[in-house]
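Structure first, then comments.
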Amino acid sequence: MAEEKVLGRNFPRVDAADKVSGRSQYAGDVYLTGMLMCKILKSTRSHARILSIDTSKAERLPGVRAVITGQDIPDVHFGSGAVKDRRVFALEKVRYVGEPLAAVAAVDEMTALEALDLIHVEYEDLPAVADPIEALKPAAPLVHEDLPRYEGYAAGMGGNVCTILDSARGDVDKAFAQADHVFEDTFRSQGINQGYLEPMACVANIDPSGRISVWTSTQGPYQVRAALAAVLRMPMARIRIIPMELGGGFGAKLRLCLEPYPVFLSLKTGRPVKLIATREEVFTLSGFRLPTIIYLKTGVMQDGTIVAREAISIFDMGAYLGAGVQSGVSHTIGPYNIPNHRVRSYAVYTNKIWAGSYRASGVADVTFAVESHTDIIARKLGLDAWEFRMQNALKEGDMAIQGGRIPRNGLRQTLEAVKERMGWPRKSAAGHGVGLALCQWRSGSGPSTASISIQEDGTVSLLTGSVDITGTDTVLAQIAAEALGVDMDQVVIARRDTDLAPFTGPSGGSRITYSQGKAVQMAAEDAKRKLIALAAEHLQVLPAALACAGGRVYVADNTERGYALGQVARLSLTSKAGPILGTASLSAMPFAPVFNTQAVEVKVDQDTGMVRIVRFVQAQDVGVAINPMAVEGQIEGGAVQGIGRALSEEVVIRDGRILNPSLTTYLMPLAPEIPAIENVLVEVPTEEGPFGARAVAEPPGFGPPAAIANAIEDAVGVRIKELPLSADKILRALHGEPLPEVELELALLRELRGAGGPIQWAGSG
Amino acid sequence: MESRIMKHSVRLTINGEPYELLVEPYCSLLDMLRDQLHLTGTKKGCDEGDCGACTVVLQGKAVTSCMVLALDARDREVVTVEGLARGDRLHPIQDAFVRYGGVQCGYCTPGLIMAALGLLLENPHPTEEDVRFGIGGNLCRCTGYAKVVQAILKAAEAMPAAAS
C-alpha cells in the first residue's frame, strides 16, 4: 500500500491563482462580436390576468433588435420539482411581482431598458394571497386553478397546497398520553436570500451549424441543458452548456435560471445575446427562501428520555414549487432517537416569487425550531442542555428516519469536542451567555461519472462533469493523485462543458466530494488496474506482484524492475487493450450522515438589544479531511451564513412586494461583526466514501440561529422564537412587551393534524 | 450604430499605462474598465457601492469603482487587480490569498485584494481588528472572512514597509 502523501494536505485551490489575478472568466466576462444585451420586463402586480401586452413601440426604438413574449415561444410547462407548474413567460396571468412578461435584445443595456418602458401591459387585478396560513383556508384565492391538470400532480394536493409529505412511526398518541411531560412550541423563520456575490449571467449564441451554445453561471449544466431542450422543444444534443467560473450560487443556480431569455432572443436575431441580472433582480428574478412556520410537540419522561414528537411544518412556497418542504419530515425529529413520531410538512402556494434553494433548503429553519425547542425542554426540566442532547442523540444502529440504520459516525465526538473547546457548563459574565446546537445532514448521492487517461508523459488527465463551487476540483485531483500514487502536480483536471464530459448531477446537496469523488476514485482504480495489467504482461509477472506508487508501476519486492507511468501509457498505444482509460459511473451512494455541534458565546447589550458574537466553536465529523484547509473554509463560510440568518438577514415582503431588494437593506455579515471561527475536524471515516470522506459543506449553516437564541436566553433570560433575533425583538422582550403572536391558531392546527400516510421522499434541493 | 448620447474624452493611467477613452457622462469607472478595456478582473456585484467587489485603488486609496464616474478619474492613476502581478510572480497579497485558503468562488476576491492593498498602503502593520475593519466594505458570502483575514495578516508580514 503506497504511503499516503497527497491525502490530508492543504493544497491551494487549483483555480486560486487565476482568481487572484482576475483571469478567471465568469459568465459576465464573456464578450462576443456583435453581442446584444437583454433585459426582462417584469410584472408589477402580484396576481392579475394579462389582458394584453403591446410591444410595438418598443420594437420600433432605434437599437432594439427583437422583443419577445410568451406568444412567441413554444408553450411548455416545466418545474423545479415534481410538479411542472411554470413557464418561461407568464401567459394568461401573472402570479407574483417580478414574473417575466417580455424580453428585449438591443445594442446596449441603456437602449434595452428604454425599450422596457415602451412596452405597455394591461392587467386585470385579481385578489392575491400573501400569507401561507391565509392561503390554506378554503376561501383563499387560488394561485394555480389548473393544479390538478399539471404533470406531476399527485393526490392530496388541492387548493393552494402543492405538496404534503408525511412520516410516522410507532404510536404517537399513546406515547404522549404516557409521557411525564409534554411541550409545545411554534417557531417562525424569515425570508432569506442566498446572497451570492455574482448576479445571474449568461450569453447565448447560435453556431454556424445551428447548435446553441450557452455560457452561463450555473451549478447544474446538465440540468440546464435538459430544461432548455424541453422549453425549446429541441433535442438535447443541439445544446451545449458551458459552465463558467461560478461566483456563488448556494442552490439558486442549480437549475434553469435566466438562460431561456437570451437563447430565444439569439435564435430570433441570429446574434449573440447577453443577460446580466442586477443586484435587485437577484431578489426579483430568482427565487430564494421564504418564511416557514414550524409547530413542534414533544413527549418526555421524567428521566429526560424523549419518547414522542409531533410536527407540522408550513413552507411558504411562493408562486411556483421550489425547495425545502421535505426538511419538514426529514429533520423535525432532529438528530435524536425518538421511537414515536408523526410529522407532516406542507408546501403552500402564495403570490410571491417562488421559494428557491439555499444550502439544504428548509433544514436551517427546522433546526432553529428543533434545537430551540430542545433547549426550552431541558431548561423547563432542569436538565443540562448538553447532557440532554447526549442522552437522546442518535447512535450507530438506531433507525434512521428515512429507513435503514444509522451507520458509524462521529456525532458524540463532536459533542465532546465542543464541550472541551468552549468549556461547558460555563459561568458567564453578566450579559454573556452560551448556547448549543446539534445538527445533522447526509452526504449527497446522485449520478456521477469520471474518466481518467494517462498521457504518454505520465501525467494524468481527469475528466468529470461537475461544476467546482467548493474547491472540489482540487479535492478530486487529490483523490486521483492518491489513488494512482502520483504527485498532485501530475494531475490536470480538464475544463469541461456538456459536450465534453458525460452526465453528472448538479453541484449541490453536498454531493461532489462524496459521490463524484467516489467516481473519481473508482476511475483512478480502473486506470491503475489497467496500468498494472499491461506492465505485468511486459515484466512477465503476475499483476498481484506489482505496486503503483511514486509515478511508477514496479515489482513490489524488486523495486528496480518497473516502468514509469508514461512508459506504460506509451506501451498501451500498441497494446491489445488500447490506450489506458479508466472510467467509472455510479448512481447512488450509501447513507452517510454528517453531524455538527456548535457552541456560541454571545454578549447582549441590554440597552440596545444588540447581540455580539464573542466566540464561535464548532466540531464537525468530516469522515476524512482530504484537504483540511478547504474543509475549514467550507465550514467557516457556512457558519457565517448561519450567523447572518440568526441576527440580521431578512427579505421583507409586504403584499407580495419585496421591500428591500438591495444589499443596503438586506444585511449579510461583514468582517468586523464576525469573530475568528474555532473549528474541530472530527474524523470517523465512512464505509464507502472516497478514502472515507463525508460531505462537508451544508451542515454548518443550520446551527447558529438556535445556538444564538439559546445563548441569548442564557445571557438575559428571554426566548425569541422568530428569526431574525433582532435587537428590537430582544429589547421588547427585555422590557416585558408581548412579542408578535407566533403560535398557530388552534383551529387550524386541528385541521392540519391528520393521520400519518406513506412517506414521499422528494429529490434533493 | 451611432449613440444618441454625446461622449466625452478622458485621459488616465491604468496599471501604469496611459489611456485616452471616450465615455458617456454617466459611465462609471467600473463599466469603463470592464466594457471598454475588457479588464474584467474587477467585478460588478451590486453597482450601488454596497458589496466592494468593484474595489480598485485610485490615487492610492481603495474606492468602489461603481460609484466613481469615469470622467472623475481623469488624469488620475488607477490600479486594478490585473496590475499587481509582475509577470508570473504574484503580488504578496495575491500569493497569501492562494496559500492560506482566502479564495473560494473568487468573485469578491479581486475587490478584497484591492481593499487589502489600500489598507496596507495606509497601515503596513495592521492588527486583526484593523484588517477586519479595513475590509469592512467588502462582502464575502463563501469564506466567512476567517482565512481572508489570516491571508492579509500574512501578506502584511511578507511585504516591505514601503508597499507597492
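Identifiers in the C-alpha cells: chain A, B, ... in order shown; residue index from 1 per chain; ligand index from 1 in order shown.
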DSSP strand (DSSP E or B) residues within region 301-422 of chain A, as a list of chain:residue names:
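Put together, the selection reads A:Ile306, A:Val307, A:Ala308, A:Arg309, A:Glu310, A:Ala311, A:Ile312, A:Ser313, A:Ile314, A:Phe315, A:Asp316, A:Met317, A:Gly318, A:Tyr336, A:Asn340, A:His341, A:Arg342, A:Val343, A:Arg344, A:Ser345, A:Tyr346, A:Ala347, A:Val348, A:Tyr349, A:Ala355, A:Ala393, A:Met399, A:Arg405.
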Using only C-alpha atoms, tabulate the residues of chain B lying at most 7 Å from any atom of chain A, each with its closest atom pair and that distance in Å to one decimal, by chain and increasing residue number, as JSON lines.
```
{"residue": "B:Thr40", "atom": "CA", "partner": "A:Asp29", "partner_atom": "CA", "distance": 5.9}
{"residue": "B:Gly41", "atom": "CA", "partner": "A:Gly22", "partner_atom": "CA", "distance": 3.8}
{"residue": "B:Gly45", "atom": "CA", "partner": "A:Leu197", "partner_atom": "CA", "distance": 5.5}
{"residue": "B:Cys46", "atom": "CA", "partner": "A:Arg279", "partner_atom": "CA", "distance": 4.9}
{"residue": "B:Asp50", "atom": "CA", "partner": "A:Leu663", "partner_atom": "CA", "distance": 6.0}
{"residue": "B:Val81", "atom": "CA", "partner": "A:Gly22", "partner_atom": "CA", "distance": 6.1}
{"residue": "B:Glu82", "atom": "CA", "partner": "A:Ser21", "partner_atom": "CA", "distance": 5.8}
{"residue": "B:Gln94", "atom": "CA", "partner": "A:Val20", "partner_atom": "CA", "distance": 5.5}
{"residue": "B:Val98", "atom": "CA", "partner": "A:Ala16", "partner_atom": "CA", "distance": 5.5}
{"residue": "B:Arg99", "atom": "CA", "partner": "A:Pro12", "partner_atom": "CA", "distance": 5.7}
{"residue": "B:Gly101", "atom": "CA", "partner": "A:Met629", "partner_atom": "CA", "distance": 6.4}
{"residue": "B:Val103", "atom": "CA", "partner": "A:Ala16", "partner_atom": "CA", "distance": 6.2}
{"residue": "B:Gln104", "atom": "CA", "partner": "A:Thr470", "partner_atom": "CA", "distance": 6.5}
{"residue": "B:Cys105", "atom": "CA", "partner": "A:Gly247", "partner_atom": "CA", "distance": 5.0}
{"residue": "B:Gly106", "atom": "CA", "partner": "A:Lys19", "partner_atom": "CA", "distance": 5.4}
{"residue": "B:Tyr107", "atom": "CA", "partner": "A:Gly247", "partner_atom": "CA", "distance": 4.9}
{"residue": "B:Cys108", "atom": "CA", "partner": "A:Leu197", "partner_atom": "CA", "distance": 6.7}
{"residue": "B:Thr109", "atom": "CA", "partner": "A:Val20", "partner_atom": "CA", "distance": 6.3}
{"residue": "B:Pro110", "atom": "CA", "partner": "A:Val20", "partner_atom": "CA", "distance": 6.1}
{"residue": "B:Arg132", "atom": "CA", "partner": "A:Pro672", "partner_atom": "CA", "distance": 4.8}
{"residue": "B:Phe133", "atom": "CA", "partner": "A:Pro672", "partner_atom": "CA", "distance": 5.4}
{"residue": "B:Ile135", "atom": "CA", "partner": "A:Ala671", "partner_atom": "CA", "distance": 6.7}
{"residue": "B:Gly136", "atom": "CA", "partner": "A:Ala671", "partner_atom": "CA", "distance": 5.5}
{"residue": "B:Leu139", "atom": "CA", "partner": "A:Leu670", "partner_atom": "CA", "distance": 6.0}
{"residue": "B:Arg141", "atom": "CA", "partner": "A:Tyr196", "partner_atom": "CA", "distance": 6.2}
{"residue": "B:Cys142", "atom": "CA", "partner": "A:Gly637", "partner_atom": "CA", "distance": 4.9}
{"residue": "B:Thr143", "atom": "CA", "partner": "A:Gly637", "partner_atom": "CA", "distance": 4.2}
{"residue": "B:Gly144", "atom": "CA", "partner": "A:Gly637", "partner_atom": "CA", "distance": 4.1}
{"residue": "B:Tyr145", "atom": "CA", "partner": "A:Ala671", "partner_atom": "CA", "distance": 5.9}
{"residue": "B:Ala146", "atom": "CA", "partner": "A:Ala676", "partner_atom": "CA", "distance": 6.0}
```
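Ranking B:Gly137, B:Ala96, B:Pro160, B:Gly16 by their shortest atom-to-atom distance to Gly52 (chain B), with only C-alpha atoms included, puts B:Gly137 first.
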Name all residues at most 12 Å from Ala533 (chain A) (count only C-alpha atoms; drop same-chain ones fewer than 6 positions away) and give them as a ChimeraX atom specification.
/A:526-527,539-548,553-554,568-569,571-572,575-577,580
Let me see the file: selected residues, N, CA and C atoms, as a short mmCIF file (atom, residue, chain, number, x, y, z; two decimals), in the first residue's frame.
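File written: part01.cif
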```
data_model
loop_
_atom_site.label_atom_id
_atom_site.label_comp_id
_atom_site.auth_asym_id
_atom_site.auth_seq_id
_atom_site.Cartn_x
_atom_site.Cartn_y
_atom_site.Cartn_z
N ASP A 526 -9.61 1.94 -11.74
CA ASP A 526 -9.76 1.25 -13.02
C ASP A 526 -8.52 1.48 -13.88
N ALA A 527 -8.06 2.73 -13.95
CA ALA A 527 -6.85 3.03 -14.71
C ALA A 527 -5.65 2.30 -14.12
N LEU A 539 6.49 -7.25 -17.95
CA LEU A 539 7.51 -7.66 -16.97
C LEU A 539 7.46 -9.17 -16.75
N GLN A 540 6.43 -9.78 -17.31
CA GLN A 540 6.22 -11.23 -17.15
C GLN A 540 6.15 -11.63 -15.68
N VAL A 541 5.30 -10.91 -14.94
CA VAL A 541 4.98 -11.26 -13.55
C VAL A 541 3.47 -11.23 -13.43
N LEU A 542 2.98 -11.73 -12.29
CA LEU A 542 1.56 -11.64 -12.03
C LEU A 542 1.21 -10.22 -11.60
N PRO A 543 0.02 -9.72 -11.97
CA PRO A 543 -0.38 -8.37 -11.53
C PRO A 543 -0.28 -8.18 -10.02
N ALA A 544 -0.58 -9.24 -9.25
CA ALA A 544 -0.54 -9.10 -7.80
C ALA A 544 0.85 -8.78 -7.27
N ALA A 545 1.88 -9.01 -8.10
CA ALA A 545 3.25 -8.75 -7.65
C ALA A 545 3.65 -7.30 -7.80
N LEU A 546 2.79 -6.51 -8.42
CA LEU A 546 3.17 -5.13 -8.75
C LEU A 546 2.56 -4.11 -7.79
N ALA A 547 3.29 -3.01 -7.59
CA ALA A 547 2.77 -1.87 -6.84
C ALA A 547 2.76 -0.66 -7.76
N CYS A 548 1.91 0.32 -7.41
CA CYS A 548 1.80 1.54 -8.21
C CYS A 548 1.95 2.72 -7.27
N VAL A 553 5.07 1.95 -11.92
CA VAL A 553 4.50 0.63 -11.64
C VAL A 553 5.68 -0.32 -11.54
N TYR A 554 5.85 -1.01 -10.43
CA TYR A 554 7.08 -1.77 -10.21
C TYR A 554 6.80 -3.02 -9.41
N VAL A 568 4.34 3.06 -19.52
CA VAL A 568 3.22 2.13 -19.67
C VAL A 568 2.18 2.72 -20.62
N ALA A 569 1.97 4.02 -20.47
CA ALA A 569 1.00 4.67 -21.36
C ALA A 569 1.43 4.55 -22.82
N LEU A 571 3.40 2.23 -24.06
CA LEU A 571 3.23 0.83 -24.44
C LEU A 571 1.77 0.53 -24.77
N SER A 572 0.87 1.21 -24.06
CA SER A 572 -0.55 0.89 -24.24
C SER A 572 -1.05 1.27 -25.63
N SER A 575 -0.93 -1.72 -27.54
CA SER A 575 -1.30 -2.94 -26.84
C SER A 575 -2.65 -3.44 -27.33
N LYS A 576 -2.99 -4.66 -26.91
CA LYS A 576 -4.26 -5.25 -27.33
C LYS A 576 -5.44 -4.45 -26.80
N ALA A 577 -5.32 -3.97 -25.55
CA ALA A 577 -6.46 -3.27 -24.93
C ALA A 577 -6.53 -1.81 -25.33
N ILE A 580 -4.63 3.55 -22.17
CA ILE A 580 -5.15 3.40 -20.81
C ILE A 580 -6.25 4.42 -20.56
#
```
Alpha helix (DSSP H) per DSSP on the backbone: members of region 20-81 of chain A, as a PDB file with C-alpha atoms, in the first residue's frame:
```
ATOM      1  CA  VAL A  20      -6.462  36.318  -7.559  1.00  0.00           C
ATOM      2  CA  SER A  21      -5.109  37.583 -10.900  1.00  0.00           C
ATOM      3  CA  SER A  56     -44.964  47.702 -30.925  1.00  0.00           C
ATOM      4  CA  LYS A  57     -43.391  50.936 -29.662  1.00  0.00           C
ATOM      5  CA  ALA A  58     -40.514  49.045 -28.080  1.00  0.00           C
ATOM      6  CA  GLU A  59     -39.823  47.197 -31.320  1.00  0.00           C
ATOM      7  CA  ARG A  60     -39.550  50.481 -33.199  1.00  0.00           C
TER       8      ARG A  60
END
```
Quick one: residues within 8 Å of region 170-184 of chain A, only C-alpha atoms counted, chain neighbours fewer than 4 positions away excluded, as a list in words?
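My reading of the contact set: Tyr295, Leu296, Lys297, Thr298, Gly299, Val300, Met301, Gln302, Val307, Ala308, Arg309, Glu310, Pro339, Asn340, His341, Arg342 and Ile377 of chain A.
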Output file for the selection above: C-alpha atoms, as a PDB file, in the first residue's frame:
```
ATOM      1  CA  TYR A 295     -45.003  23.592  15.227  1.00  0.00           C
ATOM      2  CA  LEU A 296     -43.377  21.017  17.490  1.00  0.00           C
ATOM      3  CA  LYS A 297     -44.869  18.879  20.236  1.00  0.00           C
ATOM      4  CA  THR A 298     -42.666  16.585  22.292  1.00  0.00           C
ATOM      5  CA  GLY A 299     -43.301  13.991  24.990  1.00  0.00           C
ATOM      6  CA  VAL A 300     -40.530  13.452  27.543  1.00  0.00           C
ATOM      7  CA  MET A 301     -40.158  11.120  30.521  1.00  0.00           C
ATOM      8  CA  GLN A 302     -39.005  12.333  33.915  1.00  0.00           C
ATOM      9  CA  VAL A 307     -40.497   9.408  23.661  1.00  0.00           C
ATOM     10  CA  ALA A 308     -42.695  11.214  21.143  1.00  0.00           C
ATOM     11  CA  ARG A 309     -42.516  14.001  18.577  1.00  0.00           C
ATOM     12  CA  GLU A 310     -45.260  15.548  16.523  1.00  0.00           C
ATOM     13  CA  PRO A 339     -39.335   5.958  18.946  1.00  0.00           C
ATOM     14  CA  ASN A 340     -42.744   7.500  18.178  1.00  0.00           C
ATOM     15  CA  HIS A 341     -43.319  10.283  15.710  1.00  0.00           C
ATOM     16  CA  ARG A 342     -45.860  11.787  13.381  1.00  0.00           C
ATOM     17  CA  ILE A 377     -37.397  21.454  27.261  1.00  0.00           C
TER      18      ILE A 377
END
```
Excluding Ala156 (chain B) and its own-chain neighbours fewer than 3 positions away, which residues fall within 7 Å of it when counting only C-alpha atoms? Please give them as a ChimeraX atom specification.
/B:120,124-125,152-153,159
In Å and to one decimal, CA of Leu476 (chain A) is distant from CA of Thr464 (chain A) by 9.1 Å
Using only C-alpha atoms, can you tell me which of A:Leu752, A:Leu586, A:Leu256, A:Val555 comes closest to Gly505 (chain A)?
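Using only C-alpha atoms, the shortest distance to Gly505 (chain A) belongs to A:Leu586.
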Give me, as a PDB file with N, CA and C atoms, in the first residue's frame, all polymer residues having an atom no more than 8 Å from Val79 (chain B), counting only C-alpha atoms and skipping those fewer than 2 positions away in the same chain.
```pdb
ATOM      1  N   ILE B  14      -3.850  53.570 -16.114  1.00  0.00           N
ATOM      2  CA  ILE B  14      -4.388  52.347 -15.515  1.00  0.00           C
ATOM      3  C   ILE B  14      -3.274  51.311 -15.495  1.00  0.00           C
ATOM      4  N   ASN B  15      -2.941  50.841 -14.289  1.00  0.00           N
ATOM      5  CA  ASN B  15      -1.861  49.861 -14.128  1.00  0.00           C
ATOM      6  C   ASN B  15      -0.581  50.324 -14.817  1.00  0.00           C
ATOM      7  N   GLY B  16      -0.306  51.608 -14.676  1.00  0.00           N
ATOM      8  CA  GLY B  16       0.928  52.161 -15.204  1.00  0.00           C
ATOM      9  C   GLY B  16       0.888  52.527 -16.673  1.00  0.00           C
ATOM     10  N   VAL B  56     -11.118  49.197  -6.589  1.00  0.00           N
ATOM     11  CA  VAL B  56      -9.833  49.428  -7.236  1.00  0.00           C
ATOM     12  C   VAL B  56      -9.092  50.433  -6.361  1.00  0.00           C
ATOM     13  N   VAL B  57      -7.818  50.646  -6.670  1.00  0.00           N
ATOM     14  CA  VAL B  57      -7.068  51.657  -5.919  1.00  0.00           C
ATOM     15  C   VAL B  57      -6.913  52.877  -6.823  1.00  0.00           C
ATOM     16  N   LEU B  58      -7.432  54.000  -6.381  1.00  0.00           N
ATOM     17  CA  LEU B  58      -7.446  55.250  -7.150  1.00  0.00           C
ATOM     18  C   LEU B  58      -6.636  56.276  -6.368  1.00  0.00           C
ATOM     19  N   GLU B  77      -4.459  58.065 -11.380  1.00  0.00           N
ATOM     20  CA  GLU B  77      -3.833  56.738 -11.510  1.00  0.00           C
ATOM     21  C   GLU B  77      -4.714  55.705 -10.865  1.00  0.00           C
ATOM     22  N   VAL B  81      -6.765  44.782 -10.209  1.00  0.00           N
ATOM     23  CA  VAL B  81      -6.170  43.502  -9.817  1.00  0.00           C
ATOM     24  C   VAL B  81      -5.210  42.977 -10.892  1.00  0.00           C
ATOM     25  N   GLU B  82      -5.473  43.358 -12.151  1.00  0.00           N
ATOM     26  CA  GLU B  82      -4.607  42.905 -13.234  1.00  0.00           C
ATOM     27  C   GLU B  82      -3.223  43.552 -13.157  1.00  0.00           C
ATOM     28  N   GLY B  83      -3.114  44.621 -12.371  1.00  0.00           N
ATOM     29  CA  GLY B  83      -1.849  45.348 -12.321  1.00  0.00           C
ATOM     30  C   GLY B  83      -0.925  44.948 -11.190  1.00  0.00           C
ATOM     31  N   LEU B  84      -1.273  43.913 -10.458  1.00  0.00           N
ATOM     32  CA  LEU B  84      -0.480  43.590  -9.268  1.00  0.00           C
ATOM     33  C   LEU B  84       0.683  42.638  -9.535  1.00  0.00           C
TER      34      LEU B  84
END
```
Quote the spacing between CA of Ile73 (chain A) and CA of Lys274 (chain A) in Å to one decimal place.
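Between these atoms lies a distance of 18.6 Å.
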Find, counting only C-alpha atoms, the residue in B:Arg34, B:Lys7, B:Lys44, B:Lys147 that gets nearest to Phe97 (chain B).
B:Lys147
Mind giving me the straight-line distance from CA of Ala201 (chain A) to CA of Leu36 (chain A) in Å, one decimal?
13.5 Å
Of the residues A:Ile720, A:Glu745, A:Asp85, A:Gln567, which is the one nearest to His373 (chain A), using only C-alpha atoms?
A:Ile720
From the options A:Arg233, A:Lys518, A:Lys39, A:Lys603, which residue's atoms come nearest to Leu258 (chain A), counting only C-alpha atoms?
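Smallest separation from Leu258 (chain A) among the options: A:Lys39.
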Within 12 Å of Ile212 (chain A) using only C-alpha atoms, minus same-chain residues under 6 positions, as a PyMOL selection string:
chain A and resi 203-206+225+228-229+232+234-242+259-260+262-267+270-273+498-499
Take the residues just selected and output them with N, CA and C atoms as a CSV table (one decimal), in the first residue's frame.
```csv
chain,number,residue,atom,x,y,z
A,203,VAL,N,-24.7,34.1,-21.6
A,203,VAL,CA,-24.5,34.6,-23.0
A,203,VAL,C,-25.0,33.4,-23.9
A,204,ALA,N,-25.8,33.7,-24.8
A,204,ALA,CA,-26.3,32.6,-25.8
A,204,ALA,C,-25.8,33.0,-27.2
A,205,ASN,N,-25.5,31.9,-27.9
A,205,ASN,CA,-25.1,32.2,-29.3
A,205,ASN,C,-25.4,30.9,-30.1
A,206,ILE,N,-25.7,31.2,-31.4
A,206,ILE,CA,-26.0,30.0,-32.3
A,206,ILE,C,-24.8,29.8,-33.2
A,225,ARG,N,-29.3,22.1,-19.5
A,225,ARG,CA,-29.4,21.6,-20.9
A,225,ARG,C,-30.7,20.8,-21.1
A,228,LEU,N,-33.7,23.4,-21.0
A,228,LEU,CA,-33.7,24.2,-22.2
A,228,LEU,C,-34.2,23.4,-23.4
A,229,ALA,N,-33.8,22.2,-23.5
A,229,ALA,CA,-34.2,21.3,-24.6
A,229,ALA,C,-35.8,21.2,-24.5
A,232,LEU,N,-37.4,24.7,-25.4
A,232,LEU,CA,-37.2,25.0,-26.8
A,232,LEU,C,-37.9,24.0,-27.7
A,234,MET,N,-36.4,21.2,-28.5
A,234,MET,CA,-35.2,20.8,-29.3
A,234,MET,C,-34.5,19.6,-28.7
A,235,PRO,N,-33.8,18.8,-29.5
A,235,PRO,CA,-33.0,17.7,-29.0
A,235,PRO,C,-31.9,18.3,-28.1
A,236,MET,N,-31.6,17.5,-27.0
A,236,MET,CA,-30.5,18.0,-26.1
A,236,MET,C,-29.2,18.1,-26.8
A,237,ALA,N,-28.9,17.2,-27.8
A,237,ALA,CA,-27.6,17.2,-28.4
A,237,ALA,C,-27.4,18.4,-29.3
A,238,ARG,N,-28.4,19.2,-29.5
A,238,ARG,CA,-28.2,20.5,-30.2
A,238,ARG,C,-27.8,21.6,-29.3
A,239,ILE,N,-27.7,21.3,-28.0
A,239,ILE,CA,-27.5,22.4,-27.0
A,239,ILE,C,-26.2,22.1,-26.2
A,240,ARG,N,-25.3,23.1,-26.2
A,240,ARG,CA,-24.1,22.9,-25.4
A,240,ARG,C,-24.1,24.0,-24.3
A,241,ILE,N,-23.9,23.5,-23.0
A,241,ILE,CA,-23.9,24.4,-21.9
A,241,ILE,C,-22.4,24.5,-21.4
A,242,ILE,N,-21.9,25.7,-21.4
A,242,ILE,CA,-20.5,25.9,-20.9
A,242,ILE,C,-20.6,26.6,-19.6
A,259,GLU,N,-31.4,31.5,-18.5
A,259,GLU,CA,-30.9,31.1,-19.8
A,259,GLU,C,-31.9,31.2,-21.0
A,260,PRO,N,-33.2,30.8,-20.8
A,260,PRO,CA,-34.1,30.8,-21.9
A,260,PRO,C,-34.2,32.2,-22.6
A,262,PRO,N,-32.0,34.9,-23.2
A,262,PRO,CA,-31.0,35.2,-24.3
A,262,PRO,C,-31.0,34.1,-25.3
A,263,VAL,N,-31.4,32.9,-25.0
A,263,VAL,CA,-31.4,31.8,-26.0
A,263,VAL,C,-32.5,32.1,-27.1
A,264,PHE,N,-33.7,32.4,-26.6
A,264,PHE,CA,-34.8,32.7,-27.6
A,264,PHE,C,-34.4,33.9,-28.4
A,265,LEU,N,-33.8,34.9,-27.7
A,265,LEU,CA,-33.5,36.2,-28.5
A,265,LEU,C,-32.4,35.9,-29.5
A,266,SER,N,-31.4,35.1,-29.1
A,266,SER,CA,-30.4,34.8,-30.0
A,266,SER,C,-30.9,34.0,-31.2
A,267,LEU,N,-31.8,33.1,-31.0
A,267,LEU,CA,-32.5,32.4,-32.1
A,267,LEU,C,-33.2,33.4,-33.0
A,270,GLY,N,-30.3,36.0,-34.5
A,270,GLY,CA,-29.1,35.4,-35.2
A,270,GLY,C,-27.8,36.0,-34.6
A,271,ARG,N,-27.9,36.7,-33.5
A,271,ARG,CA,-26.7,37.3,-32.9
A,271,ARG,C,-26.5,36.8,-31.5
A,272,PRO,N,-25.2,36.9,-30.9
A,272,PRO,CA,-25.1,36.5,-29.5
A,272,PRO,C,-25.8,37.5,-28.6
A,273,VAL,N,-26.4,37.0,-27.6
A,273,VAL,CA,-27.2,37.9,-26.7
A,273,VAL,C,-26.7,37.6,-25.2
A,498,THR,N,-20.9,20.5,-21.4
A,498,THR,CA,-21.8,19.3,-21.5
A,498,THR,C,-21.4,18.5,-22.8
A,499,ASP,N,-20.7,19.1,-23.7
A,499,ASP,CA,-20.3,18.3,-24.9
A,499,ASP,C,-19.2,17.3,-24.5
```
List as JSON lines every residue of region 41-103 of chain A that is in contact with region 137-161 of chain A, defined as an atom at most 7 Å from one of its atoms (using only C-alpha atoms), together with the nearest atom pair and the distance in Å rounded to one decimal, sorted by chain and then rising number.
```
{"residue": "A:Ala82", "atom": "CA", "partner": "A:Gly152", "partner_atom": "CA", "distance": 5.4}
{"residue": "A:Val83", "atom": "CA", "partner": "A:Gly152", "partner_atom": "CA", "distance": 4.3}
{"residue": "A:Lys84", "atom": "CA", "partner": "A:Glu151", "partner_atom": "CA", "distance": 5.5}
{"residue": "A:Asp85", "atom": "CA", "partner": "A:Tyr150", "partner_atom": "CA", "distance": 6.3}
{"residue": "A:Arg95", "atom": "CA", "partner": "A:Val143", "partner_atom": "CA", "distance": 6.6}
```
